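Undergrad: Before anything else, here's the structure in question.
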Amino acid sequence: MPKANGAGPNGSASDGTQVTFLEAIKQAMFEEMERDPAVILMGEDVGVYGGAFKTSEGLLERFGWERVIDTPISESAIIGAACGMSYCGLRPICEMQFIDFIVCAFNQITNFVAKGHYLWNAPAPMVIRGPSGGGVHGGPFHSANPEMYFVHTPGLKVIYPSTPYDAKGLLKAAVRDNNPVLFFEHKFLYRRIKGEVPAGDYTVPIGKAVVRREGKHLTIISYAAMMHTSLEAADALAKEGIEAEVIDLRTLLPLDEETILNSVKKTNKCLVVHEDTRTGGIAGEIAAILFEKAFHDLDGPLVRVASLDTPVPYAPTLEEHFLPNAKKVFSAAKELARY
Amino acid sequence: MPKANGAGPNGSASDGTQVTFLEAIKQAMFEEMERDPAVILMGEDVGVYGGAFKTSEGLLERFGWERVIDTPISESAIIGAACGMSYCGLRPICEMQFIDFIVCAFNQITNFVAKGHYLWNAPAPMVIRGPSGGGVHGGPFHSANPEMYFVHTPGLKVIYPSTPYDAKGLLKAAVRDNNPVLFFEHKFLYRRIKGEVPAGDYTVPIGKAVVRREGKHLTIISYAAMMHTSLEAADALAKEGIEAEVIDLRTLLPLDEETILNSVKKTNKCLVVHEDTRTGGIAGEIAAILFEKAFHDLDGPLVRVASLDTPVPYAPTLEEHFLPNAKKVFSAAKELARY
Amino acid sequence: MPVPPEQGMKKELKRQQYLDLYYHMRLNRAVEDMMVKLFRQNKIVGGLYSSLGQEAISVGTAYALEKKDWLAPMIRNIGALLVKGVRPRDIFMQHMAKYDSPTKGKDGTSHFGDLDDLHIVSPISMLGDLIPVMTGVAMAGRYLGQKIVTMTWIGDGGSSTGVFHEGLNFAATQKAPFVLILENNLWAYSTPVRKQVPLENLADRAKAYGIDSYIVDGNDAVAVYSVAKEAVDRARAGEGPILIEAKSFRRMGHAQHDPAEYVPKEMRAYWEARDPIALYERFLSSEKLLDAKSKKEVEDKIDSLLAVEREFAENSPMPPPELAETGVYCTGDGCHKIRAKWERPIAEVTPPRSSVKAVWTVPGFGSGKASDGANAPIHFGDTHAPQHRVGNDTKSANGGKPAAKMAAKAAPKKTVKTAGASRKARR
Amino acid sequence: MPVPPEQGMKKELKRQQYLDLYYHMRLNRAVEDMMVKLFRQNKIVGGLYSSLGQEAISVGTAYALEKKDWLAPMIRNIGALLVKGVRPRDIFMQHMAKYDSPTKGKDGTSHFGDLDDLHIVSPISMLGDLIPVMTGVAMAGRYLGQKIVTMTWIGDGGSSTGVFHEGLNFAATQKAPFVLILENNLWAYSTPVRKQVPLENLADRAKAYGIDSYIVDGNDAVAVYSVAKEAVDRARAGEGPILIEAKSFRRMGHAQHDPAEYVPKEMRAYWEARDPIALYERFLSSEKLLDAKSKKEVEDKIDSLLAVEREFAENSPMPPPELAETGVYCTGDGCHKIRAKWERPIAEVTPPRSSVKAVWTVPGFGSGKASDGANAPIHFGDTHAPQHRVGNDTKSANGGKPAAKMAAKAAPKKTVKTAGASRKARR
Ligand SMILES: Cc1ncc(C[n+]2csc(CCOP(=O)(O)OP(=O)(O)O)c2C)c(N)n1
Ligand SMILES: Cc1ncc(C[n+]2csc(CCOP(=O)(O)OP(=O)(O)O)c2C)c(N)n1
Ligand SMILES: [Mg+2]
Ligand SMILES: [Mg+2]
């Protein structure tokens, strides 16, 4: 799994302080709520307890019961109510205690929230966020990577950051965006990685990928925890003389085709790494884009490294086998580089 | 949209009678319920009314209240109860009045139904079926093509037939399968196409695509209503000397890679047509597979013809623009053939 | 829960109010009659739903709202839209999927809204989804100090959806100023209410949330209005959400395509004899509020209005195809300026003034974290403590029988306080 | 609904039953105590949940089931699993994700089941999902003639999920032989029950479905068992689903990681003094059913059992990595032979014997389609017809006030019939 290391903006160091991924998220919520009283937080145990992962610790004390709302165990009600609030000019942030529970509000999100602007010109500026992803032995119901369900739903934006800097900047951008934004927080990263975050206010633009590492032999595209796995693999590849360019998608919908295509046109080879299960994962979408817009630039096939097409198993031995890791990325990349 | 014409098994004529797509589905349910008292039907208005589209007309009269169950408007309860029944050796068929409402049971399907066999060795032999797809001015909430949500969910099987023969044979196979099967019925086809169905019992194997038309210049891959659109385009292409091979996927999960690859290895070009929205549609998955297994065989890029990345609009002018049609397929195919 | 404010039920209707109700019921029916014509002429896109015989519900409930209040209609609430100020042409054009319709043809039927002016939230087809949404609007309105009430409708069938439960429960925990009208028209598509809901009175759904409910004759416009007004007043006063069951009957099929042969013909005949408009006309004339002349005036007014509206609608073009490509996302301030309309001092919700101790206080117990001021530790709020002695065999006093009691016994008075009773008291 | 069978409450417990309850409560606690040890030794994978102080609920309710009956546990129902016949080793191995565990390490905690032998359905994490599933099992059992009852549990928090509503409503419309235990332990994670459910008694949730409910002291093993037995008997007799609210308290945090500082310490102290095992021991010794010696015997038996079970569990290997790849699909008859266990003549459900008229009959009305034998057309089943006269202004008799009544008034006797009352009658 990922190494405990988070890059600053665009991979460069910033002059801020080192914070954990989790702290960055907390800061983003805190600062946005300070900035704009229209921002409120809703979810299960987000108030007194500060959230199952303590992401919202201190927010209730600071902003009070009207703005930090402990809800019943009712994901559809959370999303529905947030949508109604957003119609009144509020900018609610909804926490799913684990992102796995987002499917309990699937209808509300995909039908009500996603379609309103297109159909009746009703913007729904709201954020749905929560801890996602595996590698922490959460088992089949606490390790979900549900991004593709939403990437396939027009009307939503989907963010899945990999560094504290991006997590903070993108969450702030999500709160300020006029559209419903899904913001996935890989829980493996919460306390394992630290990164620099500048002192002042900043946002990271939604819809822009970033090159985390420059290289010329192949492009590795990834995001979230697998970003770190990919960087680790890239380090190992470098030792064998293979320079991988590593792209962090950060936003999955809309996809930053430009950054992808620029890199692939340079390296002529592309490997996609995602923790989401293989069939129907985002690598497929990228494959289709490359066919459409970079067919001539490819000197080798697009290659996928992804999780198995199974539920996420519980036992560590099984989960390790289920997940991609740096070794698998390394081997696949090496083979592709030699293609 | 599709022409009103349905091919027999493997495109050849059979000696049965001509029935509508809808009648084929009704026959499948009737015959399976006759064959096996473990088969029951549940859904909203499936009993006295015979289903919103009359797919289950006559079943209540024949099989009684215990086996044809009118439920409350509770999609999660329908799916959950069916799952419980399947644990007792029954083989329930669940109707979603419109497939759009399947998202109201999304949690039950993706977490409970799909994962049981993997996690605790509990097979759930059940079928979830309902009218899907657009082209009939059903608007944004009655035209869904939700297949990719489920293609991306390990543990399910996903079927989307295009002919009466396949609809009947695949629905029977689905009822007899030991796994949960999603069976989408394109409502545009219900009464518009007829096809031959043999007199006796037969099934069509799940997981096998079929070549609907042989050709050598390019492969067009499609399914459901777009199958007919593709055949129409292929006819037009033939008039210009372009022989398209047309593949009907029929089953989307598991995908029949063999049939796809055999064809693409022959024609060296591939166009995928789906009514589902473009981003994250199944064309992406096929693109990834072609990269992995037929990279050298391709003389041109995989091309997608799909619906717009928007909700399904209501007005006929808008919906027509939203959907793929034979002209769009024709142009894309022609361009690809000349590539 | 406090006793309902007496004035809610005492309020006499002003002459104009009686006539407004009448006008809107007639308008509701006339608009729908015209749409049936348009449907037969193949000018309607998709299905056409009818609220024939239920007009008193849509009109009477919506009429209880103020301009600043919010509503969200369901398919059979054309009347509520008209009361709220929607023009008939918009309704026609929605059903005809015209370019000048509120959704420009992107959606149809009553699926449209107006956030800025009329305060209408568009429904979607999935039943029940509006309940948490309107709860959220109510919470937002309260937060912003707007003193609004929100309202939506749900069918007998729709009351079985999960989101009905989640939404109403959340509204109840939040005491949101929200009024939910449960239109029990005895059928959900082809399914009679008893096959969907094992209740005599669907108002009993409210008991699961500890909220008040009313049952009203849905074919009695004045009764509907009066109950709705009381509920709206109470919700606005902070008493929390209220459920009103309006009993009526769906006179047409589920939609135009459905001949509804499954409805016993005696049942239809019974309800046809209780047409809400006919009943109301009889009442108005007995009260000298309506005579042949004034009735004719209303009819003429509606006729000429609808002629204009229909013409406008028919002349509107279909949307240009390319419109389908646009508008999935809000593109920023140029597209929409999102702003909350504050009607309370923002400082009240801005730090550091709003700071609170993050501590639960549970009635009967000290608070968590820095717990100190505890009361006597009783079992569970104000419930009786369960019996400490466990059972033993029948030879002894306690008989080995459970210290169990039925739910109905335990909290008897909570939601009991009836409009009927208060009416009696006032006679 | 018929009066509850008297024998349900009259039934004395046999000596062995008293001791069985005791043994299983002790075993429940001992198994969990041992898991806390294993957790501290880092041998547990993932989180560890506790039912400390709630053992009487799991044990007392499950003990009311027969072998052929089905249950599905939630995270705090280890006791129910033990009663149903699950070996402690299986529970240990599940929590340690071992290869010999029922799920071979693919899932953990109480997430496992046994379709063929013990009739246990595995839960998933999403709260409430088991409710429709166990409704389906109950319907299938009835259809197959098996005369089974199904049971599952839900928390106070879980009772706010949409699927709770959909499942219980469906069970009620189907009169499914299903018993749902609502374990009200006052907290859902950090959220006190009053913040999630605006009810004094969560048993009131039952009123939304017209089903009967009980409230029982969840720390009183005999009371829990007796109520559960009555409910199971009634469900089996065809009276439909029943909800039991068992009131108790979650003595530990949500899981091991949670110190539960948000719980007022007086509240914890209060409940610690009402430990269900301690209370039961006091009762048993006062009834001369337990003395120091027999208590010691139970302890020794459990100690030596758990030593063996733990050793087995610890010696089991972790699953081989490649196992992760297998088992997503049932591969056919070689994998599972699906067959329904019929205990009624199949002919009863096979055509043409089962043929019915596809006709609704609505009480008080003729039937649809081939409608003929209609009764007098009354309003709405057995409800009073709403008043025909509409209101007018205050000067006249009817006062322009709504023909409205509160829900509570309209159907007063339906769910009222208490275990307490029948007990009184029998004294
Ligand atoms: C979640 C959901 N499931 C199914 C449907 C399909 N459907 C549309 S209306 C209807 C019947 C609604 O009955 P009811 O709620 O009583 O309203 P009424 O039509 O009587 O006004 C059904 C089943 C739906 N719209 N939403
Ligand atoms: C649908 C859903 N949402 C959220 C969660 C996360 N979660 C797990 S347990 C829990 C609290 C449950 O409280 P309650 O139902 O009262 O059961 P208890 O833990 O008290 O036994 C929560 C919020 C979940 N499991 N399922
Ligand atoms: Mg209805
Ligand atoms: Mg609880």
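Chain identifiers are assigned as A, B, and so on, following the order in which chains appear in the structure tokens; residues are numbered from 1 within each chain, and ligands are numbered from 1 in order of appearance.
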For chain D versus ligand 2, which residues have an atom no more than 8 Å away, and what is each residue's nearest atom pair and distance in Å rounded to one decimal, using only C-alpha atoms and all ligand atoms, chain-then-number order, as CSV?
TA:
residue,atom,partner,partner_atom_place_in_ligand_line,distance
D:Ser51,CA,ligand 2,21 (O),7.8
D:Met74,CA,ligand 2,21 (O),7.9
D:Ile75,CA,ligand 2,21 (O),7.0
D:Arg76,CA,ligand 2,21 (O),6.0
D:Ser125,CA,ligand 2,25 (N),4.7
D:Met126,CA,ligand 2,26 (N),3.7
D:Leu127,CA,ligand 2,26 (N),4.1
D:Gly128,CA,ligand 2,1 (C),7.0
D:Ile154,CA,ligand 2,15 (O),5.9
D:Gly155,CA,ligand 2,15 (O),3.3
D:Asp156,CA,ligand 2,16 (O),4.0
D:Gly157,CA,ligand 2,15 (O),3.5
D:Gly158,CA,ligand 2,15 (O),3.7
D:Ser159,CA,ligand 2,15 (O),6.7
D:Thr161,CA,ligand 2,1 (C),6.5
D:Glu183,CA,ligand 2,21 (O),6.9
D:Asn184,CA,ligand 2,16 (O),6.5
D:Asn185,CA,ligand 2,20 (O),5.5
D:Leu186,CA,ligand 2,20 (O),6.9
D:Trp187,CA,ligand 2,20 (O),5.1
D:Ala188,CA,ligand 2,13 (O),3.2
D:Tyr189,CA,ligand 2,11 (C),4.5
D:Ser190,CA,ligand 2,11 (C),7.9
D:Val193,CA,ligand 2,16 (O),7.5
D:Arg250,CA,ligand 2,20 (O),6.3
D:His254,CA,ligand 2,19 (O),5.8
Undergrad: Would you output that residue set with N, CA and C atoms, as a PDB file, in the first residue's frame?
TA:
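File selection-v4.pdb, as written:
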ATOM      1  N   SER D  51     -21.934  -6.806  23.476  1.00  0.00           N
ATOM      2  CA  SER D  51     -23.334  -6.783  23.909  1.00  0.00           C
ATOM      3  C   SER D  51     -23.429  -6.801  25.429  1.00  0.00           C
ATOM      4  N   MET D  74     -27.696  -9.415  14.519  1.00  0.00           N
ATOM      5  CA  MET D  74     -26.984  -8.155  14.278  1.00  0.00           C
ATOM      6  C   MET D  74     -25.672  -8.230  15.070  1.00  0.00           C
ATOM      7  N   ILE D  75     -24.908  -7.132  15.064  1.00  0.00           N
ATOM      8  CA  ILE D  75     -23.583  -7.216  15.692  1.00  0.00           C
ATOM      9  C   ILE D  75     -23.620  -7.554  17.179  1.00  0.00           C
ATOM     10  N   ARG D  76     -24.702  -7.193  17.843  1.00  0.00           N
ATOM     11  CA  ARG D  76     -24.732  -7.448  19.289  1.00  0.00           C
ATOM     12  C   ARG D  76     -25.581  -8.675  19.639  1.00  0.00           C
ATOM     13  N   SER D 125     -23.520  -5.078   6.965  1.00  0.00           N
ATOM     14  CA  SER D 125     -23.376  -3.917   7.848  1.00  0.00           C
ATOM     15  C   SER D 125     -24.512  -2.922   7.721  1.00  0.00           C
ATOM     16  N   MET D 126     -25.099  -2.832   6.527  1.00  0.00           N
ATOM     17  CA  MET D 126     -26.111  -1.814   6.300  1.00  0.00           C
ATOM     18  C   MET D 126     -27.324  -2.121   7.184  1.00  0.00           C
ATOM     19  N   LEU D 127     -27.590  -1.219   8.091  1.00  0.00           N
ATOM     20  CA  LEU D 127     -28.619  -1.462   9.093  1.00  0.00           C
ATOM     21  C   LEU D 127     -29.995  -1.552   8.452  1.00  0.00           C
ATOM     22  N   GLY D 128     -30.783  -2.489   8.923  1.00  0.00           N
ATOM     23  CA  GLY D 128     -32.163  -2.603   8.476  1.00  0.00           C
ATOM     24  C   GLY D 128     -32.373  -3.582   7.334  1.00  0.00           C
ATOM     25  N   ILE D 154     -32.992  -5.206  15.561  1.00  0.00           N
ATOM     26  CA  ILE D 154     -32.616  -3.907  15.006  1.00  0.00           C
ATOM     27  C   ILE D 154     -32.398  -2.971  16.178  1.00  0.00           C
ATOM     28  N   GLY D 155     -31.522  -2.009  16.001  1.00  0.00           N
ATOM     29  CA  GLY D 155     -31.266  -1.056  17.082  1.00  0.00           C
ATOM     30  C   GLY D 155     -32.225   0.108  17.045  1.00  0.00           C
ATOM     31  N   ASP D 156     -32.201   0.896  18.103  1.00  0.00           N
ATOM     32  CA  ASP D 156     -32.969   2.137  18.101  1.00  0.00           C
ATOM     33  C   ASP D 156     -32.551   2.979  16.890  1.00  0.00           C
ATOM     34  N   GLY D 157     -31.267   3.047  16.663  1.00  0.00           N
ATOM     35  CA  GLY D 157     -30.776   3.820  15.520  1.00  0.00           C
ATOM     36  C   GLY D 157     -31.223   3.232  14.198  1.00  0.00           C
ATOM     37  N   GLY D 158     -31.098   1.930  14.085  1.00  0.00           N
ATOM     38  CA  GLY D 158     -31.458   1.258  12.833  1.00  0.00           C
ATOM     39  C   GLY D 158     -32.930   1.377  12.486  1.00  0.00           C
ATOM     40  N   SER D 159     -33.743   1.692  13.480  1.00  0.00           N
ATOM     41  CA  SER D 159     -35.179   1.795  13.195  1.00  0.00           C
ATOM     42  C   SER D 159     -35.518   3.046  12.384  1.00  0.00           C
ATOM     43  N   THR D 161     -33.990   3.641   9.504  1.00  0.00           N
ATOM     44  CA  THR D 161     -33.639   3.393   8.106  1.00  0.00           C
ATOM     45  C   THR D 161     -34.897   3.148   7.276  1.00  0.00           C
ATOM     46  N   GLU D 183     -33.950  -3.551  19.774  1.00  0.00           N
ATOM     47  CA  GLU D 183     -33.115  -3.400  20.971  1.00  0.00           C
ATOM     48  C   GLU D 183     -32.852  -1.921  21.189  1.00  0.00           C
ATOM     49  N   ASN D 184     -33.602  -1.356  22.071  1.00  0.00           N
ATOM     50  CA  ASN D 184     -33.392   0.055  22.389  1.00  0.00           C
ATOM     51  C   ASN D 184     -32.377   0.146  23.520  1.00  0.00           C
ATOM     52  N   ASN D 185     -31.134   0.363  23.113  1.00  0.00           N
ATOM     53  CA  ASN D 185     -30.067   0.484  24.127  1.00  0.00           C
ATOM     54  C   ASN D 185     -29.677   1.943  24.345  1.00  0.00           C
ATOM     55  N   LEU D 186     -30.574   2.826  23.978  1.00  0.00           N
ATOM     56  CA  LEU D 186     -30.497   4.267  24.251  1.00  0.00           C
ATOM     57  C   LEU D 186     -29.483   5.027  23.422  1.00  0.00           C
ATOM     58  N   TRP D 187     -28.630   4.330  22.718  1.00  0.00           N
ATOM     59  CA  TRP D 187     -27.615   5.006  21.922  1.00  0.00           C
ATOM     60  C   TRP D 187     -27.470   4.350  20.557  1.00  0.00           C
ATOM     61  N   ALA D 188     -27.226   5.171  19.584  1.00  0.00           N
ATOM     62  CA  ALA D 188     -26.763   4.702  18.286  1.00  0.00           C
ATOM     63  C   ALA D 188     -25.407   5.375  18.100  1.00  0.00           C
ATOM     64  N   TYR D 189     -24.374   4.580  18.237  1.00  0.00           N
ATOM     65  CA  TYR D 189     -23.028   5.143  18.274  1.00  0.00           C
ATOM     66  C   TYR D 189     -23.034   6.257  19.322  1.00  0.00           C
ATOM     67  N   SER D 190     -22.751   7.499  18.935  1.00  0.00           N
ATOM     68  CA  SER D 190     -22.705   8.561  19.951  1.00  0.00           C
ATOM     69  C   SER D 190     -24.032   9.296  20.104  1.00  0.00           C
ATOM     70  N   VAL D 193     -30.952   8.239  21.778  1.00  0.00           N
ATOM     71  CA  VAL D 193     -32.138   7.838  21.034  1.00  0.00           C
ATOM     72  C   VAL D 193     -33.053   9.016  20.729  1.00  0.00           C
ATOM     73  N   ARG D 250     -26.468   0.212  26.177  1.00  0.00           N
ATOM     74  CA  ARG D 250     -25.201  -0.258  25.605  1.00  0.00           C
ATOM     75  C   ARG D 250     -24.081   0.105  26.567  1.00  0.00           C
ATOM     76  N   HIS D 254     -19.446   2.177  21.200  1.00  0.00           N
ATOM     77  CA  HIS D 254     -20.006   1.573  19.989  1.00  0.00           C
ATOM     78  C   HIS D 254     -19.219   0.330  19.603  1.00  0.00           C
TER      79      HIS D 254
END
Undergrad: Within 12 Å of chain D, which residues of chain A show up when using only C-alpha atoms, listed as a PyMOL selection string?
TA: chain A and resi 43-54+65+69-78+97-105+134-143+307-323
Undergrad: Go through C:Ser354, C:Ser58, C:Gln256, C:Gln17 and flag the residue nearest chain D, using only C-alpha atoms for the distances.
TA: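 Of C:Ser354, C:Ser58, C:Gln256, C:Gln17, the one nearest chain D, counting only C-alpha atoms, is C:Gln17.
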Undergrad: Calculated over only C-alpha atoms and all ligand atoms, which of the candidates C:Ser50, C:Thr350, C:Asn28, C:Asn169 has the smallest distance to ligand 3?
TA: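 Using only C-alpha atoms and all ligand atoms, ligand 3 sits closest to C:Ser50.
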Undergrad: Tell me as a ChimeraX atom specification which residues belonging to chain A come within 7 Å of chain B, counting only C-alpha atoms.
TA: /A:103-104,106-107,115,149,151-152,154,279-280,284-285,287-288,291-292,295,301-303,309-311
Undergrad: Please produce a file of those selected residues containing C-alpha atoms, as a tab-separated table (two decimals), in the first residue's frame.
TA:
chain	number	residue	atom	x	y	z
A	103	VAL	CA	-25.71	3.36	-1.78
A	104	CYS	CA	-28.53	3.72	0.75
A	106	PHE	CA	-28.45	6.11	-4.33
A	107	ASN	CA	-31.82	7.09	-5.66
A	115	LYS	CA	-30.62	15.80	-12.52
A	149	TYR	CA	-21.32	4.57	-10.01
A	151	VAL	CA	-18.69	8.92	-12.73
A	152	HIS	CA	-21.40	7.28	-14.79
A	154	PRO	CA	-24.14	13.00	-15.47
A	279	THR	CA	-14.50	-4.54	-14.70
A	280	GLY	CA	-16.19	-1.24	-15.31
A	284	GLY	CA	-11.99	1.48	-19.27
A	285	GLU	CA	-13.11	5.05	-19.73
A	287	ALA	CA	-8.99	3.35	-22.65
A	288	ALA	CA	-11.88	4.63	-24.72
A	291	PHE	CA	-8.61	5.21	-28.61
A	292	GLU	CA	-10.49	8.30	-29.58
A	295	PHE	CA	-4.60	6.07	-30.98
A	301	PRO	CA	-1.62	-1.23	-25.13
A	302	LEU	CA	-3.25	0.48	-22.22
A	303	VAL	CA	-2.68	-1.76	-19.22
A	309	ASP	CA	-13.61	-8.47	-9.44
A	310	THR	CA	-14.88	-9.59	-6.04
A	311	PRO	CA	-16.26	-7.99	-2.91
Undergrad: At a cut-off of 6 Å, using only C-alpha atoms, what residues contact range 227-242 of chain C? Leave out same-chain residues fewer than 3 positions from it and give the result as a list of chain:residue names.
TA: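 Residues meeting the cut-off are C:Gly8, C:Thr61, C:Ala64, C:Val149, C:Ala172, C:Lys175, C:Ala176, C:Pro177, C:Phe178, C:Val179, C:Asp212, C:Ser213, C:Val224.
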Undergrad: If we count only C-alpha atoms, what is near Leu306 in chain D at a cut-off of 8 Å, once residues fewer than 6 positions away on the same chain are taken out, given as JSON, numbers by chain?
TA: {"D": [31, 88, 89]}
Undergrad: Go ahead and save the picked residues with C-alpha atoms, as a PDB file, in the first residue's frame.
TA:
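Listing of selection03.pdb after writing:
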ATOM      1  CA  VAL D  31     -17.283 -15.534  24.703  1.00  0.00           C
ATOM      2  CA  PRO D  88     -17.842 -20.470  20.082  1.00  0.00           C
ATOM      3  CA  ARG D  89     -14.912 -21.437  17.886  1.00  0.00           C
TER       4      ARG D  89
END
Undergrad: Which of range 44-159 of chain A end up as strand (DSSP E) when DSSP is run on this backbone - answer as number ranges by chain?
TA: A: 68-70, 91-95, 127-132, 157-159
